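Engineer: Pasting a structure below so you can have a look.
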Amino acid sequence: MDVGERIQELADRIVVLRDAYYRGSPAVADAEYDVIEDELRTLIEANPELAPDPNPLEQVGAPAVLHAPIRHSRPMLSLDKATRPEQVEAFFARFPGQAVVVMPKLDGLSLALVYENGHLVRAITRGDGTTGDDVTPLVRALADGVPAKLDVPGRVEVRGEAVMLRSTFTAYNAAHPDKPLINPRGAAAGTLRAKDPATVAERRLQFLAFDLLSDVENTDADLERALQDLGFTVAEMRHCDDAAAAQAVISTIEQRRNDLDYDLDGAVLRLADRDAFAAAGTRSSSPRGALAFKFAAEEKTTILADVVWDVGKTGKIAPVAWLEPVFVGGTTVTRATLANQEVIRARGIKIGDTVLVRRAGDVIPFVAGVLDASKRTGAEKDIVPPSVCPSCGEELIEQGNSRELFCVNAACPAQTVRRLIHWASRAAADIDAIGGVWIERLAEAGILENPSDFYHLTSEKLLEFDRIGEISATRMVDSIDASRQVGLRRAMIGLAIPMASEGTAARLCRAGFGSLEDVADAGVDGLVAVEDIGPKVAASLIEHLTRLRPELERLREAGVSLDVREEDLPPVVAAGAPLAGKTVVVTGSISDPRSGEKVNRPAFQRLCERAGATIASSVSAGTDLLITGADVGAAKLTKADKLGVTVVDQSEIWHQLQAADLLNG
Ligand SMILES: NC(=O)c1ccc[n+]([C@@H]2O[C@H](COP(=O)([O-])OP(=O)(O)OC[C@H]3O[C@@H](n4cnc5c(N)ncnc54)[C@H](O)[C@@H]3O)[C@@H](O)[C@H]2O)c1
Ligand SMILES: [Zn+2]
């Protein structure tokens with residue numbers, strides 16, 4: 001095929017894909033779509049005379065139909081894309097001496113908010129860039145971060161991104177397993193297509209501002225300050241003087257990508273000064289004064305090769321997707337969760353389908369849905385849930401709205417192995433010298449059944465196994481021995497009691513329980529008295545600890561400690577504690593001034609607790625101090641400022657900790 005033909009083919013494909021995408025049913029993952037755009041861009045750059053007419057790259061992708069079209073005061077454009085550091089350098093070179101802000105590229109949909117004499121009069125989607133849809137009632141009803149009134153006369157237009165927070169997305173899907181949302185961006189777009197806000201009331205959106213068009217008198221020339229002064233929430237903007245600084249901020253944003261409550265697909269560089277940005281002008285479909293740096297994709301498509309039903313430690317039988325290997329979210333993924341049979345039904349997934357796999361952050365990869373069901377060949381197979389346990393053959397029972405399947409056979413071999421592996425895991429007894437494969441073999445050989453059996457393993461017994469030598473046998477026994485100090489909190493985690501989380505175990509320790517037996521004896525009433533422990537969790541604890549009573553005795557006899565450990569107790573507040581009675585929030589990155597080394601946040605919070613502080617996770621009216629480390633987000637500072645919360649730099653606190661002698665030991 002000659003280049004001209006290829007160009008036309010790519011251009012046609014883009015038109016088709018965009019159309020499907022903006023109708024709300026994308027045919028490929030964004031990453032795959034971007035590859036097609038990139039190929040077309042490269043070909044046109046090398047052969048400008050062959051540019052198609054019209055050239056889709058010079059048009060803003062648009063939904064097929066607008067329901068209530070409104071013309072934008074100025075076009076809402078797309079962004080020029082970069083993936084390499086040289087492109088960032090070239091951007092700075094184009095604007096010598098200009099300050100640039102770097103901010104997250106939020107993955108939602110952009111909105112223009114128009115205020116007249118302080119009142120919100122219109123909220124409009126981007127549409128084809130020239131004309132968008134009027135979504136004012138939906139935005140009024142559903143979006144947080146959109147002030148109903150501004151304290152400014154005249155016409156003000158603020159643009160930004162409406163996103164569905166990851167927490168909202170997860171909560172919605174947990175509550176609606178029968179009609180799950182595929183990803184937060186699609187969910188936000190779908191929400192703003194609803195006919196009636198009442199039908200999508202649980203799908204709240206968050207608006208984060210990134211642009212201010214109007215020439216309001218007395219507004220700050222700096223974009224971020226101007227938006228904040230008006231009362232908008234702004235996704236962190238960082239000022240950078242050169243390409244190296246910008247590249248560093250881009251890396252930080254990418255690293256912290258998983259800690260944020262919203263999806264982002266890159267970073268945006270933009271001239272910080274509003275007049276300079278306006279003066280830089282625009283190309284056919286993007287402003288010259290901004291550049292989008294794209295990150296690796298968190299969603300890709302692949303083939304669902306098979307579904308295997310896996311028996312978990314509590315007997316839950318969960319569907320696991322076996323996938324053709326696909327590189328997504330920074331790793332190669334071959335397995336993903338399909339949650340339960342209701343999710344499979346709701347997403348209409350079949351074996352052999354091309355599915356969208358999502359891996360954002362530390363969450364287990366999951367199959368978000370089927371792409372392009374029209375491509376089915378008829379060879380796809382239905383996913384049939386088992387009726388008996390794949391391990392022990394016992395009849396399964398169904399539970400809850402999402403119809404989760406359980407094997408309730410206490411002697412089920414697969415469950416036994418899972419429970420043993422869980423007992424040995426890092427968060428529990430941490431028997432790191434015996435891996436899952438060996439635990440399975442030892443269980444098959446009949447010498448491991450309950451956690452207490454680990455403590456009767458000897459080197460002699462281990463040496464009977466072909467592939468275990470002197471050295472590894474000794475390591476295994478030493479590792480088991482060290483785990484005898486497991487203590488109340490980690491033993492409780494290791495016993496995998498349904499509904500009791502790691503947090504439950506920590507709270508019981510802090511509430512004064514001295515041992516696992518104390519917890520078992522407390523009764524439901526004694527447990528619900530502990531903060532954040534509800535009746536269901538309490539009942540599950542009592543039921544399972546009663547059942548496990550003989551096992552607790554066997555662990556004790558084997559010399560395993562089930563008593564609370566000092567590190568799990570509430571900190572002893574030192575006399576003359578500098579932070580006594582203060583509620584503090586810690587933000588930013590913390591490092592020990594003595595060594596310059598980074599200190600993780602929990603460790604620093606613990607130091608503050610020993611100095612008498614109560615730790616809170618977010619700034620509120622009840623906060624006394626906001627302790628700031630490096631790289632602090634502007635949003636927290638603004639909030640603290642508004643609420644009159646005192647802000648102190650970490651250096652001051654380190655100083656006080658040192659003076660109170662809290663830094664040694
Ligand atoms: N899967 C498919 O078939 C398919 C088809 C078409 C488009 N797409 C995807 O749609 C996306 C849309 O491309 P596009 O060209 O419309 O948008 P873009 O990637 O050029 O980015 C422009 C948009 O970024 C958003 N944005 C977020 N944070 C911003 C910030 N801080 N400053 C400025 N803008 C910010 C705004 O909504 C703006 O409209 C791409 O990611 C593409 O992969 C996918
Ligand atoms: Zn079973």
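Naming scheme: A, B, ... for chains in displayed order of the structure tokens; residues 1 onward per chain; ligands 1 onward as shown.
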With a distance cut-off of 7 Å and only C-alpha atoms, select the neighbouring residues of region 572-575 of chain A, excluding the residue or stretch itself and same-chain residues fewer than 5 positions from it, and output the selection as a CSV table (one decimal) with N, CA and C atoms, in the first residue's frame.
Structural biologist:
chain,number,residue,atom,x,y,z
A,610,ARG,N,3.5,10.2,69.5
A,610,ARG,CA,4.2,10.1,70.8
A,610,ARG,C,4.5,11.5,71.4
A,611,ALA,N,4.4,12.5,70.5
A,611,ALA,CA,4.5,13.8,71.1
A,611,ALA,C,3.1,14.4,71.5
A,612,GLY,N,2.1,13.5,71.5
A,612,GLY,CA,0.8,13.9,72.1
A,612,GLY,C,-0.2,14.2,71.1
Engineer: Could you pull out the residues sitting within 7 Å of ligand 1, using only C-alpha atoms and all ligand atoms, and write them as number ranges by chain?
Structural biologist: A: 17-18, 20-21, 26-31, 33-34, 60-61, 76-80, 103-110, 126, 160-161, 210, 268
Engineer: Kindly export the residues of the current selection with N, CA and C atoms, as a JSON list (two decimals), in the first residue's frame.
Structural biologist:
[["chain", "number", "residue", "atom", "x", "y", "z"],
["A", 17, "LEU", "N", -13.59, 5.50, 14.79],
["A", 17, "LEU", "CA", -13.33, 5.25, 16.21],
["A", 17, "LEU", "C", -13.83, 6.40, 17.08],
["A", 18, "ARG", "N", -13.60, 7.62, 16.61],
["A", 18, "ARG", "CA", -14.06, 8.77, 17.39],
["A", 18, "ARG", "C", -15.58, 8.75, 17.53],
["A", 20, "ALA", "N", -17.60, 6.21, 17.50],
["A", 20, "ALA", "CA", -18.02, 5.20, 18.49],
["A", 20, "ALA", "C", -17.71, 5.69, 19.91],
["A", 21, "TYR", "N", -16.52, 6.27, 20.06],
["A", 21, "TYR", "CA", -16.06, 6.72, 21.38],
["A", 21, "TYR", "C", -16.99, 7.81, 21.94],
["A", 26, "PRO", "N", -16.74, 2.98, 23.03],
["A", 26, "PRO", "CA", -15.47, 2.90, 22.32],
["A", 26, "PRO", "C", -15.22, 1.49, 21.79],
["A", 27, "ALA", "N", -14.57, 1.41, 20.62],
["A", 27, "ALA", "CA", -14.30, 0.11, 20.01],
["A", 27, "ALA", "C", -12.90, -0.39, 20.36],
["A", 28, "VAL", "N", -12.02, 0.50, 20.79],
["A", 28, "VAL", "CA", -10.67, 0.09, 21.21],
["A", 28, "VAL", "C", -10.31, 0.89, 22.46],
["A", 29, "ALA", "N", -9.25, 0.45, 23.18],
["A", 29, "ALA", "CA", -8.79, 1.21, 24.34],
["A", 29, "ALA", "C", -8.11, 2.50, 23.86],
["A", 30, "ASP", "N", -8.08, 3.52, 24.72],
["A", 30, "ASP", "CA", -7.49, 4.80, 24.33],
["A", 30, "ASP", "C", -6.06, 4.64, 23.83],
["A", 31, "ALA", "N", -5.29, 3.78, 24.52],
["A", 31, "ALA", "CA", -3.89, 3.61, 24.15],
["A", 31, "ALA", "C", -3.77, 3.14, 22.70],
["A", 33, "TYR", "N", -6.06, 3.59, 20.35],
["A", 33, "TYR", "CA", -6.49, 4.69, 19.50],
["A", 33, "TYR", "C", -5.34, 5.69, 19.30],
["A", 34, "ASP", "N", -4.65, 5.99, 20.40],
["A", 34, "ASP", "CA", -3.55, 6.96, 20.31],
["A", 34, "ASP", "C", -2.46, 6.50, 19.35],
["A", 60, "VAL", "N", -11.33, 18.80, 16.45],
["A", 60, "VAL", "CA", -11.55, 18.33, 17.81],
["A", 60, "VAL", "C", -12.59, 17.22, 17.72],
["A", 61, "GLY", "N", -12.27, 16.06, 18.32],
["A", 61, "GLY", "CA", -13.19, 14.92, 18.27],
["A", 61, "GLY", "C", -14.53, 15.32, 18.85],
["A", 76, "MET", "N", -13.10, 25.39, 22.42],
["A", 76, "MET", "CA", -12.47, 24.53, 23.43],
["A", 76, "MET", "C", -11.66, 23.51, 22.67],
["A", 77, "LEU", "N", -10.36, 23.56, 22.85],
["A", 77, "LEU", "CA", -9.48, 22.79, 21.98],
["A", 77, "LEU", "C", -8.98, 21.51, 22.63],
["A", 78, "SER", "N", -8.24, 20.75, 21.83],
["A", 78, "SER", "CA", -7.57, 19.59, 22.36],
["A", 78, "SER", "C", -6.14, 20.03, 22.71],
["A", 79, "LEU", "N", -5.24, 19.12, 23.01],
["A", 79, "LEU", "CA", -3.90, 19.53, 23.41],
["A", 79, "LEU", "C", -2.86, 18.84, 22.55],
["A", 80, "ASP", "N", -1.78, 19.56, 22.26],
["A", 80, "ASP", "CA", -0.67, 18.97, 21.55],
["A", 80, "ASP", "C", -0.01, 17.94, 22.49],
["A", 103, "MET", "N", 0.74, 20.55, 35.66],
["A", 103, "MET", "CA", -0.38, 20.04, 36.46],
["A", 103, "MET", "C", -0.82, 18.69, 35.91],
["A", 104, "PRO", "N", -1.58, 17.93, 36.70],
["A", 104, "PRO", "CA", -2.05, 16.65, 36.19],
["A", 104, "PRO", "C", -2.99, 16.83, 35.02],
["A", 105, "LYS", "N", -2.93, 15.93, 34.06],
["A", 105, "LYS", "CA", -3.91, 15.93, 32.99],
["A", 105, "LYS", "C", -5.03, 14.98, 33.42],
["A", 106, "LEU", "N", -6.10, 15.59, 33.90],
["A", 106, "LEU", "CA", -7.20, 14.83, 34.49],
["A", 106, "LEU", "C", -7.96, 14.08, 33.41],
["A", 107, "ASP", "N", -8.37, 12.88, 33.75],
["A", 107, "ASP", "CA", -9.04, 12.06, 32.76],
["A", 107, "ASP", "C", -10.55, 12.06, 33.01],
["A", 108, "GLY", "N", -11.18, 13.15, 32.58],
["A", 108, "GLY", "CA", -12.64, 13.25, 32.71],
["A", 108, "GLY", "C", -13.15, 13.88, 31.44],
["A", 109, "LEU", "N", -14.06, 14.83, 31.55],
["A", 109, "LEU", "CA", -14.44, 15.56, 30.35],
["A", 109, "LEU", "C", -14.46, 17.03, 30.67],
["A", 110, "SER", "N", -14.10, 17.84, 29.66],
["A", 110, "SER", "CA", -13.98, 19.25, 30.00],
["A", 110, "SER", "C", -15.32, 19.97, 29.90],
["A", 126, "ARG", "N", -17.55, 20.17, 25.88],
["A", 126, "ARG", "CA", -16.68, 20.64, 24.81],
["A", 126, "ARG", "C", -17.32, 20.47, 23.44],
["A", 160, "GLY", "N", -12.62, 23.66, 33.03],
["A", 160, "GLY", "CA", -11.92, 22.66, 33.82],
["A", 160, "GLY", "C", -12.45, 21.30, 33.49],
["A", 161, "GLU", "N", -12.07, 20.32, 34.30],
["A", 161, "GLU", "CA", -12.41, 18.93, 34.01],
["A", 161, "GLU", "C", -13.41, 18.42, 35.05],
["A", 210, "PHE", "N", -9.04, 24.49, 35.41],
["A", 210, "PHE", "CA", -7.69, 24.69, 34.89],
["A", 210, "PHE", "C", -7.58, 25.88, 33.94],
["A", 268, "VAL", "N", -0.02, 18.26, 32.15],
["A", 268, "VAL", "CA", -0.17, 19.37, 31.21],
["A", 268, "VAL", "C", 0.81, 20.47, 31.58]]
Engineer: All residues within 9 Å of ligand 2 are required, counting only C-alpha atoms and all ligand atoms; please report them as a PDB file with C-alpha atoms, in the first residue's frame.
Structural biologist:
ATOM      1  CA  VAL A 311     -11.028 -21.181  45.801  1.00  0.00           C
ATOM      2  CA  GLY A 315     -14.117 -20.570  50.710  1.00  0.00           C
ATOM      3  CA  ILE A 317     -15.060 -19.233  44.663  1.00  0.00           C
ATOM      4  CA  VAL A 388     -19.568 -27.774  42.929  1.00  0.00           C
ATOM      5  CA  CYS A 389     -16.238 -26.777  44.480  1.00  0.00           C
ATOM      6  CA  PRO A 390     -13.400 -27.252  41.971  1.00  0.00           C
ATOM      7  CA  SER A 391     -11.203 -28.475  44.816  1.00  0.00           C
ATOM      8  CA  CYS A 392     -13.354 -30.761  46.989  1.00  0.00           C
ATOM      9  CA  GLY A 393     -16.477 -31.332  44.916  1.00  0.00           C
ATOM     10  CA  GLU A 394     -18.817 -30.063  47.630  1.00  0.00           C
ATOM     11  CA  GLU A 395     -22.035 -28.377  46.442  1.00  0.00           C
ATOM     12  CA  LEU A 396     -21.611 -24.579  46.410  1.00  0.00           C
ATOM     13  CA  PHE A 406     -18.916 -20.324  48.510  1.00  0.00           C
ATOM     14  CA  CYS A 407     -17.602 -23.760  49.412  1.00  0.00           C
ATOM     15  CA  VAL A 408     -18.498 -24.306  53.056  1.00  0.00           C
ATOM     16  CA  ASN A 409     -16.575 -27.537  53.499  1.00  0.00           C
ATOM     17  CA  ALA A 410     -14.214 -26.851  56.406  1.00  0.00           C
ATOM     18  CA  ALA A 411     -11.882 -29.611  55.196  1.00  0.00           C
ATOM     19  CA  CYS A 412     -11.685 -28.314  51.605  1.00  0.00           C
ATOM     20  CA  PRO A 413      -8.031 -28.840  50.529  1.00  0.00           C
ATOM     21  CA  ALA A 414      -7.778 -25.672  48.433  1.00  0.00           C
ATOM     22  CA  GLN A 415      -9.039 -23.562  51.334  1.00  0.00           C
TER      23      GLN A 415
END
Engineer: Skipping near chain neighbours, those fewer than 4 positions away, what residues fall within 10 Å of region 628-639 of chain A using only C-alpha atoms, listed as an MDAnalysis selection string?
Structural biologist: chainID A and resid 224:225 228:229 231:238 249 252 585:591 601 618:621 643:653
Engineer: What's the 9 Å shell around Asp563 (chain A), counting only C-alpha atoms, without same-chain residues fewer than 5 positions away, as an MDAnalysis selection string?
Structural biologist: chainID A and resid 485:489 513:517
Engineer: Could the residues in this selection be written to a file with C-alpha atoms, as a PDB file, in the first residue's frame?
Structural biologist:
ATOM      1  CA  GLN A 485       6.443 -13.615  68.112  1.00  0.00           C
ATOM      2  CA  VAL A 486       3.516 -12.882  65.790  1.00  0.00           C
ATOM      3  CA  GLY A 487       1.343 -11.317  68.534  1.00  0.00           C
ATOM      4  CA  LEU A 488      -2.363 -10.440  68.714  1.00  0.00           C
ATOM      5  CA  ARG A 489      -2.677  -8.082  65.766  1.00  0.00           C
ATOM      6  CA  PHE A 513      -7.388  -6.147  74.365  1.00  0.00           C
ATOM      7  CA  GLY A 514      -4.412  -8.097  75.643  1.00  0.00           C
ATOM      8  CA  SER A 515      -4.697 -11.336  73.692  1.00  0.00           C
ATOM      9  CA  LEU A 516      -6.711 -13.176  71.040  1.00  0.00           C
ATOM     10  CA  GLU A 517      -8.424 -15.121  73.810  1.00  0.00           C
TER      11      GLU A 517
END
Engineer: List the spatial neighbours of region 338-351 of chain A as a ChimeraX atom specification - criterion: any atom at most 10 Å away, only C-alpha atoms, same-chain residues fewer than 4 positions off excluded.
Structural biologist: /A:173,176-182,303-307,309,316-323,355,365-371,373,376,379-385,401-405
Engineer: Mind dumping the selected residues with N, CA and C atoms as a short mmCIF file (atom, residue, chain, number, x, y, z; two decimals), in the first residue's frame?
Structural biologist:
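Here's the written file selection_21.cif:
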data_model
loop_
_atom_site.label_atom_id
_atom_site.label_comp_id
_atom_site.auth_asym_id
_atom_site.auth_seq_id
_atom_site.Cartn_x
_atom_site.Cartn_y
_atom_site.Cartn_z
N ASN A 173 -19.90 1.04 42.01
CA ASN A 173 -19.87 -0.32 41.48
C ASN A 173 -20.13 -1.36 42.56
N HIS A 176 -23.84 -1.33 42.94
CA HIS A 176 -24.62 -1.72 41.75
C HIS A 176 -23.90 -2.77 40.94
N PRO A 177 -23.71 -3.95 41.53
CA PRO A 177 -22.96 -4.99 40.80
C PRO A 177 -23.69 -5.40 39.52
N ASP A 178 -24.98 -5.13 39.47
CA ASP A 178 -25.75 -5.54 38.29
C ASP A 178 -25.57 -4.58 37.12
N LYS A 179 -25.18 -3.30 37.38
CA LYS A 179 -24.91 -2.40 36.26
C LYS A 179 -23.67 -1.55 36.54
N PRO A 180 -22.52 -2.25 36.57
CA PRO A 180 -21.28 -1.55 36.92
C PRO A 180 -20.84 -0.56 35.85
N LEU A 181 -20.14 0.47 36.28
CA LEU A 181 -19.55 1.45 35.36
C LEU A 181 -18.20 0.90 34.92
N ILE A 182 -17.81 1.18 33.68
CA ILE A 182 -16.57 0.58 33.17
C ILE A 182 -15.33 1.32 33.64
N ILE A 303 -7.32 -10.51 24.63
CA ILE A 303 -8.29 -11.59 24.46
C ILE A 303 -8.47 -12.33 25.79
N LEU A 304 -9.70 -12.60 26.13
CA LEU A 304 -9.98 -13.42 27.31
C LEU A 304 -9.87 -14.88 26.88
N ALA A 305 -8.78 -15.54 27.31
CA ALA A 305 -8.51 -16.90 26.83
C ALA A 305 -9.33 -17.94 27.60
N ASP A 306 -9.53 -17.70 28.88
CA ASP A 306 -10.27 -18.68 29.67
C ASP A 306 -10.67 -18.06 31.01
N VAL A 307 -11.57 -18.72 31.70
CA VAL A 307 -11.93 -18.29 33.05
C VAL A 307 -11.79 -19.49 33.98
N TRP A 309 -12.09 -20.89 38.02
CA TRP A 309 -12.73 -20.56 39.29
C TRP A 309 -11.81 -20.95 40.43
N LYS A 316 -14.56 -18.60 49.34
CA LYS A 316 -15.20 -17.92 48.22
C LYS A 316 -14.62 -18.44 46.91
N ILE A 317 -15.51 -18.73 45.96
CA ILE A 317 -15.06 -19.23 44.66
C ILE A 317 -15.16 -18.07 43.68
N ALA A 318 -14.01 -17.54 43.27
CA ALA A 318 -14.03 -16.33 42.45
C ALA A 318 -13.53 -16.61 41.04
N PRO A 319 -14.18 -15.99 40.04
CA PRO A 319 -13.73 -16.18 38.66
C PRO A 319 -12.46 -15.38 38.38
N VAL A 320 -11.46 -16.05 37.82
CA VAL A 320 -10.22 -15.38 37.45
C VAL A 320 -10.08 -15.45 35.94
N ALA A 321 -9.84 -14.29 35.33
CA ALA A 321 -9.68 -14.24 33.88
C ALA A 321 -8.25 -14.62 33.51
N TRP A 322 -8.10 -15.54 32.58
CA TRP A 322 -6.79 -15.84 32.01
C TRP A 322 -6.72 -15.11 30.69
N LEU A 323 -5.71 -14.23 30.60
CA LEU A 323 -5.66 -13.32 29.45
C LEU A 323 -4.46 -13.58 28.57
N VAL A 355 -11.48 -7.99 25.47
CA VAL A 355 -11.94 -7.31 26.68
C VAL A 355 -11.03 -6.14 27.03
N PRO A 365 -5.64 -6.13 38.74
CA PRO A 365 -6.20 -5.87 37.41
C PRO A 365 -7.59 -6.48 37.28
N PHE A 366 -8.48 -5.78 36.62
CA PHE A 366 -9.79 -6.36 36.41
C PHE A 366 -10.28 -6.17 34.99
N VAL A 367 -11.19 -7.04 34.61
CA VAL A 367 -11.77 -6.97 33.28
C VAL A 367 -12.94 -6.01 33.35
N ALA A 368 -12.77 -4.86 32.69
CA ALA A 368 -13.78 -3.82 32.84
C ALA A 368 -14.97 -4.03 31.92
N GLY A 369 -14.77 -4.73 30.82
CA GLY A 369 -15.91 -4.93 29.94
C GLY A 369 -15.47 -5.45 28.59
N VAL A 370 -16.44 -5.70 27.75
CA VAL A 370 -16.18 -6.20 26.41
C VAL A 370 -16.11 -5.02 25.47
N LEU A 371 -15.15 -5.03 24.55
CA LEU A 371 -15.13 -3.99 23.55
C LEU A 371 -15.61 -4.57 22.25
N ALA A 373 -18.53 -5.79 20.79
CA ALA A 373 -19.18 -7.09 20.73
C ALA A 373 -19.56 -7.44 19.29
N ARG A 376 -17.67 -10.22 17.36
CA ARG A 376 -17.76 -11.63 17.74
C ARG A 376 -17.89 -12.53 16.52
N ALA A 379 -17.67 -18.02 17.85
CA ALA A 379 -16.90 -19.08 18.51
C ALA A 379 -16.73 -18.80 20.00
N GLU A 380 -17.21 -17.64 20.47
CA GLU A 380 -17.07 -17.30 21.88
C GLU A 380 -17.92 -18.24 22.74
N LYS A 381 -17.45 -18.46 23.95
CA LYS A 381 -18.18 -19.39 24.82
C LYS A 381 -18.69 -18.67 26.06
N ASP A 382 -19.86 -19.06 26.52
CA ASP A 382 -20.39 -18.50 27.76
C ASP A 382 -19.52 -18.91 28.93
N ILE A 383 -19.48 -18.05 29.94
CA ILE A 383 -18.74 -18.38 31.16
C ILE A 383 -19.73 -19.04 32.11
N VAL A 384 -19.51 -20.30 32.39
CA VAL A 384 -20.47 -21.03 33.22
C VAL A 384 -19.93 -21.21 34.64
N PRO A 385 -20.63 -20.66 35.62
CA PRO A 385 -20.16 -20.82 37.00
C PRO A 385 -20.28 -22.29 37.42
N ASN A 401 -26.39 -10.16 46.91
CA ASN A 401 -26.92 -9.64 45.65
C ASN A 401 -26.05 -9.99 44.46
N SER A 402 -24.73 -10.03 44.70
CA SER A 402 -23.86 -10.31 43.58
C SER A 402 -23.68 -11.82 43.40
N ARG A 403 -24.47 -12.60 44.16
CA ARG A 403 -24.50 -14.06 44.04
C ARG A 403 -23.10 -14.65 44.07
N GLU A 404 -22.35 -14.32 45.11
CA GLU A 404 -21.02 -14.90 45.26
C GLU A 404 -21.16 -16.35 45.64
N LEU A 405 -20.21 -17.17 45.15
CA LEU A 405 -20.27 -18.61 45.40
C LEU A 405 -19.32 -18.99 46.52
#
Engineer: Tell me, as a ChimeraX atom specification, which residues lie within 12 Å of Ala473 (chain A), counting only C-alpha atoms; anything in the same chain fewer than 5 positions away does not count.
Structural biologist: /A:433-434,438,457-468,478-480
Engineer: Could those selected residues go to a file with C-alpha atoms, as a PDB file, in the first residue's frame?
Structural biologist:
ATOM      1  CA  ALA A 433      11.449 -18.834  53.912  1.00  0.00           C
ATOM      2  CA  ILE A 434       8.542 -21.097  52.911  1.00  0.00           C
ATOM      3  CA  TRP A 438       6.157 -25.616  49.382  1.00  0.00           C
ATOM      4  CA  LEU A 457       8.045 -28.910  61.471  1.00  0.00           C
ATOM      5  CA  THR A 458      11.642 -29.974  62.069  1.00  0.00           C
ATOM      6  CA  SER A 459      14.654 -30.002  59.737  1.00  0.00           C
ATOM      7  CA  GLU A 460      14.583 -33.803  59.784  1.00  0.00           C
ATOM      8  CA  LYS A 461      11.012 -33.844  58.495  1.00  0.00           C
ATOM      9  CA  LEU A 462      11.781 -31.221  55.847  1.00  0.00           C
ATOM     10  CA  LEU A 463      14.901 -33.073  54.687  1.00  0.00           C
ATOM     11  CA  GLU A 464      12.724 -36.032  53.742  1.00  0.00           C
ATOM     12  CA  PHE A 465      11.590 -33.964  50.771  1.00  0.00           C
ATOM     13  CA  ASP A 466      13.697 -34.452  47.666  1.00  0.00           C
ATOM     14  CA  ARG A 467      14.379 -30.873  46.803  1.00  0.00           C
ATOM     15  CA  ILE A 468      14.936 -29.478  50.298  1.00  0.00           C
ATOM     16  CA  ASP A 478      14.543 -20.392  61.619  1.00  0.00           C
ATOM     17  CA  SER A 479      11.901 -18.415  59.807  1.00  0.00           C
ATOM     18  CA  ILE A 480       9.128 -20.399  61.519  1.00  0.00           C
TER      19      ILE A 480
END
Engineer: Hey, can you check how far CA of Leu230 (chain A) sits from CA of Leu150 (chain A)?
Structural biologist: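 It comes out at 6.5 Å.
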Engineer: Can you work out which one of A:Asp242, A:Asp592, A:Asp38, A:Glu609 has the shortest atom-to-atom distance to Ala82 (chain A), counting only C-alpha atoms?
Structural biologist: A:Asp38
Engineer: What does the structure give for the distance between CA of Glu440 (chain A) and CA of Ile497 (chain A), in Å to one decimal?
Structural biologist: 20.9 Å
Engineer: Extract, using only C-alpha atoms, all DNA, RNA and protein residues at most 9 Å from Asp151 (chain A), discarding same-chain residues fewer than 4 positions from it, and format them as a ChimeraX atom specification.
Structural biologist: /A:117-119,230
Engineer: I need the residue nearest Pro54 (chain A) from this list: A:Thr546, A:Ser284, A:Gln206, A:Ser25. Use only C-alpha atoms for the distance.
Structural biologist: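 With only C-alpha atoms as the atom set, the closest residue is A:Ser284.
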Engineer: Using DSSP on the backbone coordinates, identify the residues of region 233-464 of chain A assigned to alpha helix (DSSP H); present them as an MDAnalysis selection string.
Structural biologist: chainID A and resid 243:256 274:280 341:347 413:424 436:444 451:454 459:463
Engineer: Smallest atom-to-atom distance to Leu442 (chain A): which of A:Ile421, A:Leu663, A:Ile14, A:Ile542, using only C-alpha atoms?
Structural biologist: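 Of all the options, A:Ile421 lies closest to Leu442 (chain A).
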